[in-house]
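Shown next: upload-v3.txt, given as compact mmCIF, C-alpha atoms.
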```txt
# COMPACT_ATOMS: atom_id res chain seq x y z
CA MET A 1 -147.92 -251.04 -64.07
CA LYS A 2 -145.63 -251.70 -67.02
CA SER A 3 -147.29 -248.84 -68.90
CA PHE A 4 -146.56 -246.47 -66.07
CA LYS A 5 -142.90 -247.41 -66.02
CA PHE A 6 -142.67 -246.93 -69.76
CA PHE A 7 -144.18 -243.46 -69.65
CA PHE A 8 -142.03 -242.49 -66.66
CA PHE A 9 -138.89 -243.59 -68.48
CA LEU A 10 -139.96 -241.66 -71.57
CA PHE A 11 -140.61 -238.52 -69.52
CA LEU A 12 -137.20 -238.81 -67.82
CA LEU A 13 -135.42 -239.22 -71.14
CA THR A 14 -137.21 -236.20 -72.56
CA GLY A 15 -136.09 -234.06 -69.59
CA ILE A 16 -132.49 -235.18 -70.00
CA LEU A 17 -132.57 -234.23 -73.69
CA ILE A 18 -134.06 -230.83 -72.88
CA ALA A 19 -131.40 -230.18 -70.21
CA PHE A 20 -128.63 -231.20 -72.60
CA SER A 21 -130.02 -228.89 -75.28
CA CYS A 22 -130.05 -225.91 -72.90
CA SER A 23 -126.45 -226.58 -71.91
CA GLY A 24 -125.39 -226.39 -75.60
CA ASP A 25 -127.09 -223.01 -76.04
CA ASP A 26 -125.18 -221.61 -73.03
CA ASP A 27 -121.91 -222.81 -74.54
CA ASP A 28 -122.81 -221.12 -77.81
CA ASP A 29 -123.54 -217.87 -75.95
CA ASP A 30 -120.19 -218.12 -74.17
CA ASN A 31 -118.47 -218.72 -77.47
CA ASP A 32 -120.29 -215.72 -78.93
CA ASP A 33 -119.14 -213.59 -76.01
CA ASN A 34 -115.60 -214.81 -76.42
CA ASN A 35 -115.76 -214.02 -80.13
CA ASP A 36 -117.06 -210.55 -79.31
CA ASP A 37 -114.16 -210.03 -76.88
CA ASN A 38 -111.73 -211.19 -79.52
CA ASP A 39 -113.30 -208.79 -82.00
CA ASP A 40 -112.95 -205.99 -79.48
CA ASN A 41 -109.30 -206.89 -78.92
CA GLY A 42 -108.79 -206.95 -82.66
CA ASP A 43 -110.26 -203.49 -82.94
CA ASP A 44 -107.99 -202.31 -80.16
CA ASP A 45 -105.01 -203.80 -81.98
CA VAL A 46 -106.00 -202.04 -85.20
CA ALA A 47 -106.41 -198.76 -83.29
CA ASP A 48 -103.00 -199.30 -81.73
CA ASP A 49 -101.54 -199.99 -85.17
CA ASP A 50 -103.14 -196.80 -86.49
CA ALA A 51 -101.75 -194.87 -83.56
CA ALA A 52 -98.34 -196.40 -84.23
CA ASP A 53 -98.61 -195.38 -87.89
CA ASP A 54 -99.60 -191.87 -86.83
CA ASP A 55 -96.63 -191.72 -84.47
CA SER A 56 -94.38 -192.96 -87.25
CA GLY A 57 -95.80 -190.25 -89.51
CA ASP A 58 -95.15 -187.68 -86.83
CA ASP A 59 -91.59 -188.97 -86.48
CA ASP A 60 -91.17 -188.68 -90.25
CA ASN A 61 -92.53 -185.14 -90.11
CA ASP A 62 -90.17 -184.36 -87.25
CA SER A 63 -87.32 -185.78 -89.32
CA SER A 64 -88.50 -183.58 -92.19
CA ASP A 65 -88.47 -180.61 -89.83
CA ASP A 66 -84.93 -181.56 -88.83
CA ASP A 67 -84.02 -181.60 -92.53
CA ASP A 68 -85.55 -178.13 -92.85
CA SER A 69 -83.45 -177.05 -89.90
CA SER A 70 -80.41 -178.47 -91.66
CA ASP A 71 -81.39 -176.52 -94.79
CA ASP A 72 -81.69 -173.39 -92.67
CA ASP A 73 -78.22 -174.07 -91.28
CA ASN A 74 -76.90 -174.51 -94.81
CA ASP A 75 -78.62 -171.29 -95.86
CA SER A 76 -77.06 -169.60 -92.88
CA GLY A 77 -73.70 -170.95 -93.99
CA ASP A 78 -74.30 -169.56 -97.47
CA ASP A 79 -75.15 -166.20 -95.94
CA ASP A 80 -71.94 -166.34 -93.94
CA ASP A 81 -70.02 -167.14 -97.12
CA ASP A 82 -71.69 -164.23 -98.91
CA SER A 83 -70.91 -162.00 -95.97
CA GLY A 84 -67.32 -163.15 -96.21
CA ASP A 85 -67.25 -162.17 -99.88
CA ASP A 86 -68.59 -158.72 -98.96
CA ASP A 87 -65.91 -158.42 -96.30
CA ASP A 88 -63.29 -159.30 -98.91
CA ASP A 89 -64.65 -156.55 -101.18
CA ASN A 90 -64.39 -154.06 -98.33
CA THR A 91 -61.02 -155.13 -96.97
CA PRO A 92 -59.22 -152.10 -95.48
CA GLY A 93 -55.97 -151.11 -97.14
CA THR A 94 -53.34 -148.43 -97.59
CA ALA A 95 -51.32 -147.42 -100.63
CA ASP A 96 -49.20 -144.67 -102.09
CA LEU A 97 -51.12 -143.59 -105.18
CA ILE A 98 -48.03 -141.99 -106.74
CA GLU A 99 -45.75 -144.00 -109.03
CA ASN A 100 -42.01 -143.26 -108.99
CA GLY A 101 -42.38 -140.51 -106.40
CA GLY A 102 -38.63 -140.60 -105.65
CA PHE A 103 -37.70 -140.56 -109.37
CA GLU A 104 -35.41 -143.51 -108.74
CA THR A 105 -36.07 -144.86 -112.25
CA GLY A 106 -33.69 -142.07 -113.33
CA ASP A 107 -36.39 -140.47 -115.47
CA ALA A 108 -39.95 -139.16 -115.33
CA THR A 109 -41.67 -142.58 -115.51
CA GLY A 110 -45.26 -142.21 -114.25
CA TRP A 111 -45.20 -138.44 -114.69
CA THR A 112 -46.11 -136.03 -117.49
CA GLY A 113 -45.14 -132.40 -117.93
CA GLU A 114 -43.26 -129.72 -119.83
CA TRP A 115 -39.88 -128.24 -118.97
CA PRO A 116 -37.44 -126.20 -121.07
CA TYR A 117 -34.27 -128.24 -120.60
CA ASP A 118 -33.05 -131.53 -121.91
CA GLU A 119 -33.27 -133.12 -118.50
CA LEU A 120 -35.76 -132.96 -115.67
CA VAL A 121 -34.48 -135.65 -113.35
CA HIS A 122 -30.88 -135.28 -112.20
CA SER A 123 -28.64 -137.62 -110.32
CA GLU A 124 -25.90 -136.94 -107.79
CA ASP A 125 -23.54 -136.49 -110.76
CA LEU A 126 -25.14 -133.36 -112.19
CA GLY A 127 -22.34 -132.56 -114.62
CA ASP A 128 -21.40 -129.13 -115.91
CA ASP A 129 -23.35 -128.13 -118.99
CA ASP A 130 -25.86 -125.56 -120.17
CA THR A 131 -28.93 -127.66 -119.37
CA SER A 132 -28.40 -128.39 -115.67
CA PRO A 133 -27.33 -126.51 -112.58
CA ASP A 134 -23.62 -125.82 -112.44
CA THR A 135 -21.58 -128.15 -110.25
CA THR A 136 -20.77 -125.09 -108.16
CA TRP A 137 -24.38 -125.33 -106.93
CA TYR A 138 -24.23 -129.05 -106.37
CA ILE A 139 -27.43 -130.28 -104.63
CA LEU A 140 -27.90 -133.87 -103.50
CA PRO A 141 -31.28 -135.65 -103.71
CA HIS A 142 -33.22 -135.92 -100.47
CA THR A 143 -32.98 -139.72 -100.61
CA GLY A 144 -31.72 -142.16 -103.20
CA SER A 145 -29.84 -141.03 -106.27
CA TYR A 146 -32.31 -138.85 -108.18
CA ALA A 147 -34.43 -135.71 -107.81
CA VAL A 148 -36.37 -133.30 -110.05
CA TRP A 149 -34.91 -129.88 -110.77
CA PHE A 150 -36.85 -126.73 -111.73
CA GLY A 151 -34.95 -123.49 -112.26
CA GLN A 152 -33.63 -121.03 -114.77
CA THR A 153 -30.28 -120.04 -116.19
CA HIS A 154 -30.61 -116.27 -115.83
CA SER A 155 -33.83 -116.11 -117.88
CA GLN A 156 -37.56 -116.72 -117.52
CA HIS A 157 -38.42 -120.33 -116.88
CA THR A 158 -41.81 -122.02 -116.81
CA ALA A 159 -42.46 -125.72 -116.25
CA TRP A 160 -45.03 -128.12 -114.92
CA LEU A 161 -44.98 -131.71 -113.75
CA GLY A 162 -47.99 -133.87 -112.86
CA GLN A 163 -49.29 -137.39 -112.28
CA THR A 164 -52.87 -138.65 -112.58
CA VAL A 165 -54.22 -140.97 -109.88
CA THR A 166 -57.60 -142.54 -109.07
CA VAL A 167 -58.94 -141.78 -105.60
CA PRO A 168 -60.57 -144.89 -104.00
CA ASN A 169 -64.36 -144.79 -103.60
CA ASP A 170 -64.23 -145.68 -99.91
CA ILE A 171 -61.19 -143.58 -98.98
CA THR A 172 -61.11 -142.58 -95.30
CA THR A 173 -57.82 -140.68 -94.92
CA ALA A 174 -55.21 -139.26 -97.27
CA GLU A 175 -52.17 -137.03 -97.15
CA VAL A 176 -49.84 -135.54 -99.74
CA ARG A 177 -46.15 -135.32 -98.85
CA ALA A 178 -43.06 -134.05 -100.65
CA TRP A 179 -39.57 -132.68 -99.94
CA HIS A 180 -38.60 -129.32 -101.45
CA TYR A 181 -35.19 -127.69 -101.71
CA LEU A 182 -35.64 -123.96 -102.46
CA TYR A 183 -32.42 -122.17 -103.38
CA LYS A 184 -31.72 -118.65 -104.61
CA PHE A 185 -28.88 -116.25 -105.16
CA GLY A 186 -29.03 -112.71 -106.47
CA SER A 187 -32.29 -110.99 -107.39
CA CYS A 188 -34.23 -113.88 -108.85
CA SER A 189 -37.94 -114.52 -108.30
CA PHE A 190 -40.17 -117.52 -108.72
CA THR A 191 -43.55 -119.05 -107.82
CA LEU A 192 -44.06 -122.75 -107.20
CA THR A 193 -47.56 -124.18 -106.71
CA LEU A 194 -48.93 -127.64 -105.93
CA LYS A 195 -52.57 -128.46 -106.76
CA LEU A 196 -55.04 -131.23 -107.42
CA VAL A 197 -56.63 -130.51 -110.81
CA ASN A 198 -58.90 -132.09 -113.39
CA PRO A 199 -56.57 -134.13 -115.65
CA ASN A 200 -58.50 -133.04 -118.74
CA ASN A 201 -58.62 -129.38 -117.75
CA PRO A 202 -55.76 -128.20 -115.54
CA ASN A 203 -57.44 -124.83 -115.13
CA ASN A 204 -60.17 -126.62 -113.19
CA VAL A 205 -58.49 -126.63 -109.79
CA LEU A 206 -60.02 -129.14 -107.38
CA LEU A 207 -57.80 -128.35 -104.43
CA ASP A 208 -54.98 -125.89 -103.73
CA LEU A 209 -52.35 -127.69 -101.66
CA GLY A 210 -49.57 -125.11 -101.34
CA SER A 211 -47.51 -122.35 -102.90
CA TRP A 212 -43.96 -121.00 -102.41
CA THR A 213 -41.96 -118.02 -103.64
CA GLN A 214 -38.39 -116.68 -103.48
CA ALA A 215 -39.26 -115.47 -99.96
CA ASP A 216 -39.23 -119.13 -98.88
CA ALA A 217 -35.83 -119.79 -100.49
CA SER A 218 -32.31 -119.02 -99.26
CA PHE A 219 -28.70 -119.20 -100.34
CA ILE A 220 -27.97 -121.77 -97.66
CA ALA A 221 -30.94 -124.08 -97.99
CA ASN A 222 -32.04 -127.49 -96.84
CA TYR A 223 -34.75 -129.88 -97.88
CA LYS A 224 -38.02 -129.12 -96.09
CA GLU A 225 -40.97 -131.45 -95.84
CA PHE A 226 -44.38 -130.46 -97.12
CA MET A 227 -47.47 -132.31 -95.86
CA HIS A 228 -51.18 -131.74 -96.41
CA GLN A 229 -53.73 -133.89 -94.57
CA LEU A 230 -56.98 -133.93 -96.56
CA SER A 231 -60.07 -133.01 -94.58
CA THR A 232 -63.29 -135.05 -94.54
CA ALA A 233 -64.95 -132.56 -96.88
CA GLU A 234 -61.99 -132.69 -99.30
CA LEU A 235 -62.03 -136.50 -99.30
CA SER A 236 -65.77 -136.56 -99.94
CA SER A 237 -65.38 -134.31 -103.00
CA LEU A 238 -62.63 -136.52 -104.48
CA GLN A 239 -63.98 -140.04 -103.84
CA GLY A 240 -63.85 -142.20 -106.96
CA GLU A 241 -62.44 -139.36 -109.07
CA GLU A 242 -59.41 -139.20 -111.33
CA VAL A 243 -57.26 -136.26 -110.27
CA MET A 244 -53.85 -134.92 -111.22
CA LEU A 245 -51.27 -133.92 -108.64
CA ARG A 246 -49.62 -131.02 -110.48
CA TYR A 247 -46.60 -128.81 -109.78
CA GLU A 248 -46.25 -125.53 -111.68
CA TYR A 249 -43.18 -123.32 -111.68
CA THR A 250 -42.57 -119.83 -113.06
CA GLY A 251 -39.31 -117.98 -112.42
CA GLN A 252 -37.28 -114.99 -113.59
CA GLY A 253 -33.57 -114.47 -113.14
CA ALA A 254 -30.94 -111.92 -114.12
CA LEU A 255 -27.38 -112.01 -115.41
CA ILE A 256 -25.89 -113.00 -112.09
CA SER A 257 -28.73 -114.60 -110.21
CA GLY A 258 -30.68 -117.80 -110.17
CA CYS A 259 -33.45 -119.68 -108.38
CA TYR A 260 -33.49 -123.45 -108.23
CA VAL A 261 -36.13 -125.78 -106.88
CA TYR A 262 -35.56 -129.48 -106.24
CA LEU A 263 -38.42 -131.92 -105.67
CA ASP A 264 -38.05 -135.40 -104.20
CA ASP A 265 -39.98 -138.17 -102.45
CA VAL A 266 -43.47 -137.11 -103.55
CA SER A 267 -46.30 -139.29 -102.19
CA PHE A 268 -50.09 -139.43 -101.99
CA ASP A 269 -50.81 -141.90 -99.20
CA ALA A 270 -54.41 -143.13 -98.96
CA THR A 271 -56.30 -145.37 -96.52
CA TRP A 272 -59.67 -147.04 -97.18
```

Using the file provided, produce a representation of the structure as structure tokens.
Amino acid sequence: MKSFKFFFFLFLLTGILIAFSCSGDDDDDDNDDNNDDNDDNGDDDVADDDAADDDSGDDDNDSSDDDDSSDDDNDSGDDDDDSGDDDDDNTPGTADLIENGGFETGDATGWTGEWPYDELVHSEDLGDDDTSPDTTWYILPHTGSYAVWFGQTHSQHTAWLGQTVTVPNDITTAEVRAWHYLYKFGSCSFTLTLKLVNPNNPNNVLLDLGSWTQADASFIANYKEFMHQLSTAELSSLQGEEVMLRYEYTGQGALISGCYVYLDDVSFDATW
């Protein structure tokens, strides 16, 4: 009987140990599962971190793109500045190309020419001598105090007067103006011409502007305005060129006769 109890007790103890051992294995499996879950969560965290890094990279790229946009804006600003410089180069303007067109310096400053008398430019006080019109034929300037005088004292008289100017490259309009006083008494004759010529070769006439003779003069005369508006074709042929605005006078008088021509307020107005 005692042997039976001993073996029963030993069997019971063995079963308890086996049950306890199985319970430990289950705990280990649960721990393994938990560790696997933690590993999975760790992987997810790493993936999230990678995604965050990618997003950050994208943001940096976007920022870079914004910088490029800023560069484009700066380039655009540079283009605008360059455009402004071009506009400055092409700024419209107007000017009288003639210097001293009213002869108010009291001499022929700005002009060149040949004339037979001691004086070309005369003031209101003409005087009474052999080299200027007699005070009996006193003629006032058109404006100011001075004017140019062409004429002869009862003999043949030739003269010319000119000024060289540079025509703007981008000229759009231009007109030549002057005031002429054409006087005659007796049987005199004369020819007055106004031309644009090559400064180095006056015989090379670029443009005939006008001509006048004794038929246009009178004993009781007044200043008359001359004006020539250059055509588009004329402007095109003169763009960027040096030209001379040139008056030429030839006259012939007799013992009691004379022809006098006064010039004043000559201009060559240009727009570009």

Residue neighbourhood Leu263 of chain A, 9 Å, all atoms listed in the file, exclusion window fewer than 6 positions, as a short mmCIF file (atom, residue, chain, number, x, y, z; two decimals) with C-alpha atoms, in the coordinates of the input:
```
data_model
loop_
_atom_site.label_atom_id
_atom_site.label_comp_id
_atom_site.auth_asym_id
_atom_site.auth_seq_id
_atom_site.Cartn_x
_atom_site.Cartn_y
_atom_site.Cartn_z
CA GLY A 102 -38.63 -140.60 -105.65
CA PRO A 141 -31.28 -135.65 -103.71
CA HIS A 142 -33.22 -135.92 -100.47
CA ALA A 147 -34.43 -135.71 -107.81
CA VAL A 148 -36.37 -133.30 -110.05
CA TRP A 149 -34.91 -129.88 -110.77
CA PHE A 150 -36.85 -126.73 -111.73
CA ALA A 178 -43.06 -134.05 -100.65
CA TRP A 179 -39.57 -132.68 -99.94
CA HIS A 180 -38.60 -129.32 -101.45
CA TYR A 181 -35.19 -127.69 -101.71
CA TYR A 223 -34.75 -129.88 -97.88
#
```

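The smallest atom-to-atom distance between Gly258 of chain A and any of A:Ile171, A:Leu182, A:Val243, A:Val197, using only C-alpha atoms, is found for A:Leu182.
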
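We find atom CA of Glu225 of chain A and atom CA of Gly240 of chain A to be spaced 27.6 Å apart.
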
Excluding Ala215 of chain A and residues on its chain fewer than 4 positions from it, collect all residues at most 12 Å away from it, counting all atoms listed in the file, and give them as a list of chain:residue names. A:Leu182, A:Tyr183, A:Lys184, A:Phe185, A:Ser187, A:Cys188, A:Ser189, A:Phe190, A:Thr191, A:Leu192, A:Ser211, A:Phe219, A:Cys259

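Proximity ranking of A:Ala159, A:Ala233, A:Leu238, A:Leu206 relative to Gly113 of chain A places A:Ala159 first, based on only C-alpha atoms.
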
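Considering only C-alpha atoms, the residue among A:Pro168, A:Gly101, A:Gly186, A:Pro116 positioned nearest to Thr143 of chain A is A:Gly101.
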
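Here atom CA of Glu248 of chain A is placed at a distance of 6.7 Å from atom CA of Leu194 of chain A.
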
Find the residues near Pro199 of chain A: any atom within 8 Å, counting all atoms listed in the file, skip ones fewer than 3 places away on the same chain, and give them as an NGL selection string. :A and (164 or 202 or 242-244)

When distances are computed from all atoms listed in the file, which of A:Trp111, A:His157, A:Arg246, A:Glu175 shows the smallest separation from Glu99 of chain A? A:Trp111

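Proximity of A:Leu207, A:Met227, A:Leu140, A:Leu255 to Arg177 of chain A, computed with all atoms listed in the file, is greatest for A:Met227.
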
Using Å and a single decimal, report how far atom CA of Thr158 of chain A sits from atom CA of Ser123 of chain A. 21.4 Å

Please rebuild segment 169-185 of chain A with N, CA, C and O atoms and give the result as a PDB file, in the frame of the given file.
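Listing of rebuild.pdb after writing:
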```pdb
ATOM      1  N   ASN A 169     -62.984-145.167-103.934  1.00  0.00           N
ATOM      2  CA  ASN A 169     -64.360-144.790-103.600  1.00  0.00           C
ATOM      3  C   ASN A 169     -64.589-144.689-102.101  1.00  0.00           C
ATOM      4  O   ASN A 169     -65.326-143.825-101.624  1.00  0.00           O
ATOM      5  N   ASP A 170     -63.983-145.620-101.351  1.00  0.00           N
ATOM      6  CA  ASP A 170     -64.230-145.680 -99.910  1.00  0.00           C
ATOM      7  C   ASP A 170     -63.047-145.137 -99.105  1.00  0.00           C
ATOM      8  O   ASP A 170     -62.772-145.599 -98.008  1.00  0.00           O
ATOM      9  N   ILE A 171     -62.343-144.175 -99.655  1.00  0.00           N
ATOM     10  CA  ILE A 171     -61.190-143.580 -98.980  1.00  0.00           C
ATOM     11  C   ILE A 171     -61.609-142.941 -97.660  1.00  0.00           C
ATOM     12  O   ILE A 171     -62.673-142.326 -97.555  1.00  0.00           O
ATOM     13  N   THR A 172     -60.790-143.136 -96.624  1.00  0.00           N
ATOM     14  CA  THR A 172     -61.110-142.580 -95.300  1.00  0.00           C
ATOM     15  C   THR A 172     -60.093-141.522 -94.857  1.00  0.00           C
ATOM     16  O   THR A 172     -60.465-140.570 -94.172  1.00  0.00           O
ATOM     17  N   THR A 173     -58.838-141.689 -95.232  1.00  0.00           N
ATOM     18  CA  THR A 173     -57.820-140.680 -94.920  1.00  0.00           C
ATOM     19  C   THR A 173     -56.848-140.584 -96.094  1.00  0.00           C
ATOM     20  O   THR A 173     -56.674-141.548 -96.842  1.00  0.00           O
ATOM     21  N   ALA A 174     -56.219-139.436 -96.224  1.00  0.00           N
ATOM     22  CA  ALA A 174     -55.210-139.260 -97.270  1.00  0.00           C
ATOM     23  C   ALA A 174     -54.331-138.061 -96.921  1.00  0.00           C
ATOM     24  O   ALA A 174     -54.786-137.109 -96.274  1.00  0.00           O
ATOM     25  N   GLU A 175     -53.076-138.158 -97.329  1.00  0.00           N
ATOM     26  CA  GLU A 175     -52.170-137.030 -97.150  1.00  0.00           C
ATOM     27  C   GLU A 175     -51.170-136.992 -98.296  1.00  0.00           C
ATOM     28  O   GLU A 175     -50.762-138.035 -98.815  1.00  0.00           O
ATOM     29  N   VAL A 176     -50.838-135.782 -98.694  1.00  0.00           N
ATOM     30  CA  VAL A 176     -49.840-135.540 -99.740  1.00  0.00           C
ATOM     31  C   VAL A 176     -48.567-135.060 -99.064  1.00  0.00           C
ATOM     32  O   VAL A 176     -48.608-134.135 -98.244  1.00  0.00           O
ATOM     33  N   ARG A 177     -47.446-135.699 -99.418  1.00  0.00           N
ATOM     34  CA  ARG A 177     -46.150-135.320 -98.850  1.00  0.00           C
ATOM     35  C   ARG A 177     -45.127-135.116 -99.972  1.00  0.00           C
ATOM     36  O   ARG A 177     -45.211-135.756-101.026  1.00  0.00           O
ATOM     37  N   ALA A 178     -44.162-134.257 -99.716  1.00  0.00           N
ATOM     38  CA  ALA A 178     -43.060-134.050-100.650  1.00  0.00           C
ATOM     39  C   ALA A 178     -41.931-133.330 -99.910  1.00  0.00           C
ATOM     40  O   ALA A 178     -42.139-132.729 -98.845  1.00  0.00           O
ATOM     41  N   TRP A 179     -40.731-133.396-100.494  1.00  0.00           N
ATOM     42  CA  TRP A 179     -39.570-132.680 -99.940  1.00  0.00           C
ATOM     43  C   TRP A 179     -39.087-131.687-100.981  1.00  0.00           C
ATOM     44  O   TRP A 179     -38.855-132.052-102.144  1.00  0.00           O
ATOM     45  N   HIS A 180     -38.971-130.423-100.560  1.00  0.00           N
ATOM     46  CA  HIS A 180     -38.600-129.320-101.450  1.00  0.00           C
ATOM     47  C   HIS A 180     -37.276-128.702-100.995  1.00  0.00           C
ATOM     48  O   HIS A 180     -37.077-128.451 -99.797  1.00  0.00           O
ATOM     49  N   TYR A 181     -36.434-128.441-101.970  1.00  0.00           N
ATOM     50  CA  TYR A 181     -35.190-127.690-101.710  1.00  0.00           C
ATOM     51  C   TYR A 181     -35.294-126.395-102.505  1.00  0.00           C
ATOM     52  O   TYR A 181     -35.290-126.404-103.742  1.00  0.00           O
ATOM     53  N   LEU A 182     -35.436-125.265-101.821  1.00  0.00           N
ATOM     54  CA  LEU A 182     -35.640-123.960-102.460  1.00  0.00           C
ATOM     55  C   LEU A 182     -34.379-123.114-102.291  1.00  0.00           C
ATOM     56  O   LEU A 182     -34.053-122.667-101.194  1.00  0.00           O
ATOM     57  N   TYR A 183     -33.717-122.867-103.417  1.00  0.00           N
ATOM     58  CA  TYR A 183     -32.420-122.170-103.380  1.00  0.00           C
ATOM     59  C   TYR A 183     -32.489-120.905-104.246  1.00  0.00           C
ATOM     60  O   TYR A 183     -33.134-120.892-105.299  1.00  0.00           O
ATOM     61  N   LYS A 184     -31.801-119.865-103.796  1.00  0.00           N
ATOM     62  CA  LYS A 184     -31.720-118.650-104.610  1.00  0.00           C
ATOM     63  C   LYS A 184     -30.396-117.931-104.335  1.00  0.00           C
ATOM     64  O   LYS A 184     -29.802-118.053-103.261  1.00  0.00           O
ATOM     65  N   PHE A 185     -29.963-117.230-105.352  1.00  0.00           N
ATOM     66  CA  PHE A 185     -28.880-116.250-105.160  1.00  0.00           C
ATOM     67  C   PHE A 185     -29.166-115.084-106.093  1.00  0.00           C
ATOM     68  O   PHE A 185     -29.763-115.237-107.153  1.00  0.00           O
TER      69      PHE A 185
END
```
